[in-house]
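Heads up, coords-v9.pdb below (PDB, C-alpha atoms):
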```pdb
ATOM      1  CA  MET A  48       0.000   0.000   0.000
ATOM      2  CA  THR A  49       1.541   3.309  -1.121
ATOM      3  CA  VAL A  50       0.643   6.478   0.738
ATOM      4  CA  GLN A  51      -0.463   9.104  -1.795
ATOM      5  CA  THR A  52      -2.673  11.347   0.313
ATOM      6  CA  ASP A  53      -2.478  12.750   3.806
ATOM      7  CA  VAL A  54      -4.984  10.417   5.424
ATOM      8  CA  ARG A  55      -4.981   8.647   8.762
ATOM      9  CA  MET A  56      -3.484   5.187   8.525
ATOM     10  CA  PRO A  57      -5.511   2.139   9.666
ATOM     11  CA  GLU A  58      -5.337   1.651  13.408
ATOM     12  CA  PHE A  59      -6.356  -0.453  16.387
ATOM     13  CA  ARG A  60      -6.179   0.129  20.128
ATOM     14  CA  VAL A  61      -4.239  -1.641  22.838
ATOM     15  CA  LEU A  62      -4.989  -0.673  26.455
ATOM     16  CA  GLY A  63      -6.178   2.749  25.338
ATOM     17  CA  VAL A  64      -3.242   3.446  23.008
ATOM     18  CA  ARG A  65      -3.790   3.945  19.283
ATOM     19  CA  VAL A  66      -1.447   1.790  17.193
ATOM     20  CA  ASN A  67      -1.278   2.099  13.411
ATOM     21  CA  ALA A  68      -1.591  -1.158  11.473
ATOM     22  CA  VAL A  69       1.425  -0.535   9.260
ATOM     23  CA  GLN A  70       4.561  -2.260   8.052
ATOM     24  CA  ILE A  71       7.962  -0.771   7.231
ATOM     25  CA  PRO A  72       7.299  -0.145   3.483
ATOM     26  CA  GLN A  73       4.143   1.827   4.321
ATOM     27  CA  VAL A  74       5.959   3.833   6.991
ATOM     28  CA  ILE A  75       8.748   4.771   4.571
ATOM     29  CA  ASP A  76       6.213   5.854   1.939
ATOM     30  CA  TRP A  77       4.460   7.978   4.577
ATOM     31  CA  MET A  78       7.766   9.487   5.763
ATOM     32  CA  GLN A  79       8.679  10.578   2.249
ATOM     33  CA  TYR A  80       5.245  12.067   1.712
ATOM     34  CA  VAL A  81       5.574  14.088   4.930
ATOM     35  CA  ILE A  82       9.052  15.323   4.016
ATOM     36  CA  ARG A  83       7.900  16.400   0.552
ATOM     37  CA  ALA A  84       4.886  18.213   2.030
ATOM     38  CA  ARG A  85       7.224  20.390   4.185
ATOM     39  CA  GLY A  86       4.452  21.195   6.647
ATOM     40  CA  ALA A  87       4.532  21.529  10.421
ATOM     41  CA  ALA A  88       6.761  19.075  12.278
ATOM     42  CA  ARG A  89       5.309  15.606  12.761
ATOM     43  CA  TYR A  90       6.518  12.881  15.076
ATOM     44  CA  VAL A  91       6.481   9.103  14.979
ATOM     45  CA  ALA A  92       6.361   6.953  18.110
ATOM     46  CA  VAL A  93       8.025   3.567  17.597
ATOM     47  CA  THR A  94       6.256   1.723  20.390
ATOM     48  CA  GLY A  95       6.118  -1.749  21.869
ATOM     49  CA  MET A  96       4.936  -3.391  25.051
ATOM     50  CA  HIS A  97       7.082  -1.077  27.191
ATOM     51  CA  GLY A  98       5.558   2.126  25.813
ATOM     52  CA  VAL A  99       1.993   0.875  26.114
ATOM     53  CA  THR A 100       2.573  -0.231  29.719
ATOM     54  CA  GLU A 101       4.205   3.097  30.627
ATOM     55  CA  SER A 102       1.140   4.862  29.269
ATOM     56  CA  ARG A 103      -1.090   3.073  31.797
ATOM     57  CA  HIS A 104       0.813   4.783  34.635
ATOM     58  CA  ASP A 105       1.011   8.228  33.036
ATOM     59  CA  GLU A 106      -2.039   9.798  31.434
ATOM     60  CA  ASN A 107       0.061  12.596  29.941
ATOM     61  CA  PHE A 108       2.327  10.091  28.220
ATOM     62  CA  ARG A 109      -0.710   8.224  26.900
ATOM     63  CA  ASP A 110      -1.888  11.505  25.400
ATOM     64  CA  ILE A 111       1.547  12.010  23.817
ATOM     65  CA  LEU A 112       1.292   8.616  22.125
ATOM     66  CA  ASN A 113      -2.274   9.154  21.004
ATOM     67  CA  THR A 114      -1.506  12.545  19.484
ATOM     68  CA  ALA A 115       1.565  11.308  17.609
ATOM     69  CA  ASP A 116       1.171  11.456  13.846
ATOM     70  CA  LEU A 117       2.045   7.772  13.597
ATOM     71  CA  VAL A 118       2.394   5.064  16.254
ATOM     72  CA  VAL A 119       4.062   1.973  14.824
ATOM     73  CA  PRO A 120       4.090  -1.520  16.393
ATOM     74  CA  ASP A 121       7.694  -2.161  17.442
ATOM     75  CA  GLY A 122       7.000  -5.458  19.176
ATOM     76  CA  MET A 123       5.532  -8.795  18.173
ATOM     77  CA  PRO A 124       2.841  -8.691  20.910
ATOM     78  CA  LEU A 125       1.396  -5.608  19.213
ATOM     79  CA  VAL A 126       1.621  -7.317  15.819
ATOM     80  CA  TRP A 127      -0.224 -10.366  17.171
ATOM     81  CA  LEU A 128      -2.910  -8.141  18.714
ATOM     82  CA  GLY A 129      -3.276  -6.261  15.436
ATOM     83  CA  ARG A 130      -3.778  -9.523  13.572
ATOM     84  CA  PHE A 131      -6.340 -10.547  16.195
ATOM     85  CA  ARG A 132      -8.151  -7.258  15.499
ATOM     86  CA  GLY A 133      -8.426  -8.181  11.827
ATOM     87  CA  PHE A 134      -5.303  -6.647  10.281
ATOM     88  CA  ARG A 135      -4.033  -9.847   8.712
ATOM     89  CA  HIS A 136      -1.405  -8.036   6.642
ATOM     90  CA  LEU A 137       0.641  -7.435   9.802
ATOM     91  CA  SER A 138       3.348 -10.062   9.576
ATOM     92  CA  ARG A 139       6.351  -8.284  11.090
ATOM     93  CA  ARG A 140       7.072  -5.622  13.682
ATOM     94  CA  VAL A 141       8.192  -2.147  12.682
ATOM     95  CA  TYR A 142      11.561  -2.601  14.351
ATOM     96  CA  GLY A 143      13.143   0.798  15.038
ATOM     97  CA  PRO A 144      16.722  -0.084  14.006
ATOM     98  CA  GLU A 145      15.457  -1.789  10.849
ATOM     99  CA  LEU A 146      13.210   1.159   9.992
ATOM    100  CA  MET A 147      16.161   3.549  10.233
ATOM    101  CA  GLU A 148      18.458   1.275   8.251
ATOM    102  CA  THR A 149      15.882   0.645   5.528
ATOM    103  CA  PHE A 150      15.021   4.321   5.169
ATOM    104  CA  CYS A 151      18.692   5.296   4.891
ATOM    105  CA  ARG A 152      19.372   2.512   2.370
ATOM    106  CA  GLU A 153      16.354   3.263   0.171
ATOM    107  CA  THR A 154      16.721   7.049   0.137
ATOM    108  CA  GLY A 155      20.524   7.403   0.193
ATOM    109  CA  SER A 156      21.594  11.028  -0.274
ATOM    110  CA  LYS A 157      18.050  12.244  -0.916
ATOM    111  CA  TYR A 158      17.517  13.746   2.548
ATOM    112  CA  ARG A 159      19.406  15.515   5.341
ATOM    113  CA  HIS A 160      19.554  13.626   8.652
ATOM    114  CA  PHE A 161      20.050  14.882  12.219
ATOM    115  CA  PHE A 162      20.863  12.425  15.039
ATOM    116  CA  TYR A 163      19.852  13.542  18.547
ATOM    117  CA  GLY A 164      20.578  11.380  21.597
ATOM    118  CA  GLY A 165      22.725   8.479  22.675
ATOM    119  CA  ALA A 166      25.711   8.278  24.992
ATOM    120  CA  PRO A 167      28.670  10.608  24.315
ATOM    121  CA  GLY A 168      30.046   9.954  20.839
ATOM    122  CA  VAL A 169      27.348   7.500  19.762
ATOM    123  CA  ALA A 170      25.380   9.919  17.568
ATOM    124  CA  ASP A 171      28.574  10.993  15.784
ATOM    125  CA  HIS A 172      29.599   7.404  15.219
ATOM    126  CA  LEU A 173      26.125   6.395  14.035
ATOM    127  CA  ALA A 174      26.043   9.284  11.565
ATOM    128  CA  GLN A 175      29.425   8.222  10.195
ATOM    129  CA  VAL A 176      28.355   4.576   9.927
ATOM    130  CA  GLU A 177      25.140   5.398   8.066
ATOM    131  CA  GLN A 178      26.956   7.808   5.771
ATOM    132  CA  GLU A 179      29.541   5.180   4.868
ATOM    133  CA  ARG A 180      26.891   2.491   4.381
ATOM    134  CA  HIS A 181      24.290   4.427   2.440
ATOM    135  CA  GLY A 182      25.711   7.811   1.448
ATOM    136  CA  ILE A 183      23.234   9.795   3.540
ATOM    137  CA  ARG A 184      23.736  13.513   4.088
ATOM    138  CA  ILE A 185      24.394  14.558   7.688
ATOM    139  CA  ALA A 186      22.799  17.790   8.866
ATOM    140  CA  GLY A 187      24.185  17.421  12.391
ATOM    141  CA  THR A 188      24.358  15.461  15.631
ATOM    142  CA  TYR A 189      23.818  16.314  19.290
ATOM    143  CA  CYS A 190      24.423  14.311  22.447
ATOM    144  CA  PRO A 191      22.410  15.819  25.337
ATOM    145  CA  PRO A 192      23.705  15.635  28.924
ATOM    146  CA  PHE A 193      22.169  13.166  31.380
ATOM    147  CA  ARG A 194      20.056  15.904  32.926
ATOM    148  CA  PRO A 195      17.315  18.255  31.739
ATOM    149  CA  LEU A 196      18.584  21.030  29.483
ATOM    150  CA  THR A 197      18.463  24.554  30.854
ATOM    151  CA  GLU A 198      16.179  26.997  29.077
ATOM    152  CA  GLN A 199      19.177  28.612  27.392
ATOM    153  CA  GLU A 200      20.614  25.246  26.342
ATOM    154  CA  ASP A 201      17.275  24.273  24.859
ATOM    155  CA  ARG A 202      17.020  27.549  22.929
ATOM    156  CA  ASP A 203      20.544  27.018  21.621
ATOM    157  CA  LEU A 204      19.679  23.462  20.578
ATOM    158  CA  VAL A 205      16.553  24.587  18.733
ATOM    159  CA  ALA A 206      18.573  27.259  16.937
ATOM    160  CA  LEU A 207      21.254  24.692  16.056
ATOM    161  CA  ILE A 208      18.746  22.259  14.560
ATOM    162  CA  ASN A 209      16.801  24.916  12.677
ATOM    163  CA  GLU A 210      19.996  26.323  11.205
ATOM    164  CA  ALA A 211      21.062  22.808  10.155
ATOM    165  CA  ALA A 212      17.717  22.412   8.332
ATOM    166  CA  PRO A 213      17.375  18.604   8.465
ATOM    167  CA  ASP A 214      14.614  16.714   6.691
ATOM    168  CA  VAL A 215      14.393  14.115   9.440
ATOM    169  CA  ILE A 216      15.529  13.952  13.074
ATOM    170  CA  TRP A 217      16.265  10.557  14.590
ATOM    171  CA  VAL A 218      15.758  10.759  18.376
ATOM    172  CA  GLY A 219      17.458   8.176  20.582
ATOM    173  CA  LEU A 220      16.549   8.978  24.189
ATOM    174  CA  SER A 221      14.572   5.825  25.089
ATOM    175  CA  THR A 222      10.880   5.702  25.973
ATOM    176  CA  PRO A 223       9.223   7.847  27.319
ATOM    177  CA  LYS A 224      11.895  10.589  27.150
ATOM    178  CA  GLN A 225      12.096  10.647  23.373
ATOM    179  CA  GLU A 226       8.338  10.923  22.875
ATOM    180  CA  ARG A 227       8.127  13.737  25.410
ATOM    181  CA  TRP A 228      10.978  15.571  23.683
ATOM    182  CA  MET A 229       9.357  15.300  20.254
ATOM    183  CA  ARG A 230       5.988  16.496  21.551
ATOM    184  CA  GLU A 231       7.575  19.440  23.379
ATOM    185  CA  HIS A 232       9.635  20.538  20.370
ATOM    186  CA  ARG A 233       7.369  19.946  17.412
ATOM    187  CA  ASP A 234       6.178  23.580  17.406
ATOM    188  CA  LYS A 235       9.704  24.950  17.839
ATOM    189  CA  LEU A 236      11.542  23.037  15.136
ATOM    190  CA  LYS A 237      11.428  23.763  11.414
ATOM    191  CA  VAL A 238      11.749  20.130  10.437
ATOM    192  CA  PRO A 239       9.162  17.970   8.681
ATOM    193  CA  LEU A 240       9.673  14.765  10.631
ATOM    194  CA  MET A 241      10.965  13.320  13.915
ATOM    195  CA  LEU A 242      11.172   9.652  14.880
ATOM    196  CA  GLY A 243      11.879   8.220  18.332
ATOM    197  CA  VAL A 244      13.939   5.097  17.729
ATOM    198  CA  GLY A 245      15.519   4.441  21.133
ATOM    199  CA  ALA A 246      18.072   1.644  21.062
ATOM    200  CA  ALA A 247      18.614   2.033  17.300
ATOM    201  CA  PHE A 248      21.486   4.405  18.079
ATOM    202  CA  ASP A 249      23.390   1.727  20.005
ATOM    203  CA  LEU A 250      22.379  -1.176  17.759
ATOM    204  CA  ASN A 251      22.954   0.391  14.346
ATOM    205  CA  SER A 252      26.254   1.937  15.433
ATOM    206  CA  GLY A 253      27.471  -1.462  16.637
ATOM    207  CA  ARG A 254      27.735  -0.364  20.268
ATOM    208  CA  LEU A 255      25.308  -3.129  21.284
ATOM    209  CA  LYS A 256      24.796  -6.538  19.712
ATOM    210  CA  GLN A 257      21.406  -7.252  18.178
ATOM    211  CA  ALA A 258      19.379 -10.360  18.911
ATOM    212  CA  PRO A 259      19.418 -13.005  16.166
ATOM    213  CA  SER A 260      16.755 -12.412  13.541
ATOM    214  CA  TRP A 261      14.827 -15.567  14.528
ATOM    215  CA  MET A 262      14.441 -14.217  18.071
ATOM    216  CA  ARG A 263      13.355 -10.775  16.825
ATOM    217  CA  GLU A 264      10.773 -12.275  14.469
ATOM    218  CA  HIS A 265       9.252 -14.594  17.086
ATOM    219  CA  GLY A 266       8.831 -12.170  19.968
ATOM    220  CA  LEU A 267      11.931 -13.272  21.876
ATOM    221  CA  GLU A 268      14.155 -10.221  21.606
ATOM    222  CA  TRP A 269      13.175  -9.314  25.165
ATOM    223  CA  LEU A 270      14.905 -12.461  26.430
ATOM    224  CA  PHE A 271      18.094 -11.692  24.521
ATOM    225  CA  ARG A 272      18.197  -8.121  25.825
ATOM    226  CA  LEU A 273      17.333  -9.200  29.385
ATOM    227  CA  LEU A 274      20.226 -11.653  29.433
ATOM    228  CA  ALA A 275      22.538  -8.986  28.005
ATOM    229  CA  GLU A 276      21.509  -6.211  30.449
ATOM    230  CA  PRO A 277      19.716  -7.837  33.403
ATOM    231  CA  LYS A 278      20.292  -5.033  35.926
ATOM    232  CA  ARG A 279      18.862  -2.370  33.641
ATOM    233  CA  LEU A 280      16.049  -4.291  31.989
ATOM    234  CA  TRP A 281      14.724  -6.828  34.536
ATOM    235  CA  ARG A 282      11.903  -4.552  35.671
ATOM    236  CA  ARG A 283      10.846  -3.640  32.130
ATOM    237  CA  TYR A 284      10.540  -7.217  30.933
ATOM    238  CA  LEU A 285       9.635  -9.192  34.039
ATOM    239  CA  VAL A 286       7.446  -6.737  35.955
ATOM    240  CA  GLN A 287       6.016  -4.570  33.181
ATOM    241  CA  GLY A 288       5.846  -7.534  30.808
ATOM    242  CA  SER A 289       3.669  -9.462  33.254
ATOM    243  CA  GLU A 290       1.522  -6.374  33.804
ATOM    244  CA  PHE A 291       1.064  -5.958  30.043
ATOM    245  CA  VAL A 292      -0.019  -9.587  29.571
ATOM    246  CA  TRP A 293      -2.501  -9.378  32.446
ATOM    247  CA  ASN A 294      -4.042  -6.127  31.222
ATOM    248  CA  VAL A 295      -4.345  -7.437  27.658
ATOM    249  CA  PHE A 296      -6.075 -10.549  29.012
ATOM    250  CA  LEU A 297      -8.577  -8.349  30.858
ATOM    251  CA  GLU A 298      -9.190  -6.286  27.722
ATOM    252  CA  LEU A 299      -9.599  -9.240  25.347
ATOM    253  CA  THR A 300     -12.030 -10.957  27.693
ATOM    254  CA  ASN A 301     -14.018  -7.732  28.184
ATOM    255  CA  LEU A 302     -13.409  -7.839  31.911
ATOM    256  CA  ARG A 303     -12.047  -4.288  31.748
ATOM    257  CA  VAL A 304     -12.350  -1.397  29.320
ATOM    258  CA  TYR A 305      -9.282   0.797  28.874
ATOM    259  CA  GLU A 306     -10.110   4.355  27.879
TER     260      GLU A 306
END
```
Can you give me the file's structure in the form of structure tokens?
Amino acid sequence: MTVQTDVRMPEFRVLGVRVNAVQIPQVIDWMQYVIRARGAARYVAVTGMHGVTESRHDENFRDILNTADLVVPDGMPLVWLGRFRGFRHLSRRVYGPELMETFCRETGSKYRHFFYGGAPGVADHLAQVEQERHGIRIAGTYCPPFRPLTEQEDRDLVALINEAAPDVIWVGLSTPKQERWMREHRDKLKVPLMLGVGAAFDLNSGRLKQAPSWMREHGLEWLFRLLAEPKRLWRRYLVQGSEFVWNVFLELTNLRVYE
């Protein structure tokens, strides 16, 4: 399906969060349409089980997801739920690192890219890697400190990005920070498109090892990442994962309605 007009993509809801029933080719078509339109800044939330569960504890974050211009299913549980809702064309997740890599490969030097986020040096390295792989044009990079920016720092950052004039900003701050940042800055930035891709900065730059493709395609990436970073991720996958499964069970059995 090629996106030719500015219409809302098909969608379904999971625990009160709108998720678009799209695959990577559709997303890339939509991204190019948005960039060509050169309208107000739009943002894409690349969301999985973690984002949906976070939204149940934070109404403001749920609103941020539901007002995103596109919410894509970066997680096999969301793909399975979409298929259950009747969207049989959903066969694969819209995996953030793969979305970035595919977009860069298919568009090459067509657009100007800005990389915002990551640990010190990661955004620079990622930009270099993608440029060497696919010949993309780099508008700039920025690694924010591990603290909120001051008002002056934020103004300087906005000026830096607007002067760089990127076509797309890749935001790697992890959920929910990256979605909050995109929502807060969409009216300040003169850029057509922003995407929150989280771990794509570390994975596509080679800083972290990716799970084997068979694990990613069968909903087992969480296990690979948990074994790789147990101290950081145990709560996300064991506690929030169990909470997600329970809440989905309640929703599917009509025992609870999630607004």
Determine, counting all atoms listed in the file, which protein, DNA and RNA residues have an atom within 7 Å of an atom of segment 279-290 of chain A; residues of the same chain fewer than 4 positions away are not included. Present the result as a PyMOL selection string. chain A and resi 97+100+269+273+294
Among listed residues A:Val176, A:Ala258, A:Leu112, A:Val205, nearest Lys224 of chain A (using all atoms listed in the file): A:Leu112
Find the residues around Met241 of chain A up to 9 Å (only C-alpha atoms counted), leave out those fewer than 3 positions away in its own chain, and share them as a PyMOL selection string. chain A and resi 88-92+214-218+229+233+238
Output of the PyMOL selection byres ((chain A and resi 143) around 9), listed as a VMD selection string: chain A and resid 93 to 94 121 140 to 142 144 to 148 243 to 247
What's the separation between atom CA of Phe193 of chain A and atom CA of Asn113 of chain A, in Å to one decimal place? 26.9 Å
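Here atom CA of Glu298 of chain A stands at a distance of 13.0 Å from atom CA of Arg103 of chain A.
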Which residues are close to segment 130-134 of chain A, i.e. within 12 Å by all atoms listed in the file, leaving aside same-chain residues fewer than 3 positions away? Reply as a list of chain:residue names. A:Pro57, A:Glu58, A:Phe59, A:Arg60, A:Val61, A:Val66, A:Asn67, A:Ala68, A:Val69, A:Gln70, A:Pro120, A:Met123, A:Pro124, A:Leu125, A:Val126, A:Trp127, A:Leu137, A:Ser138, A:Arg139, A:Arg140, A:Leu299
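The space separating atom CA of Asp234 of chain A from atom CA of Ile82 of chain A comes to 16.0 Å.
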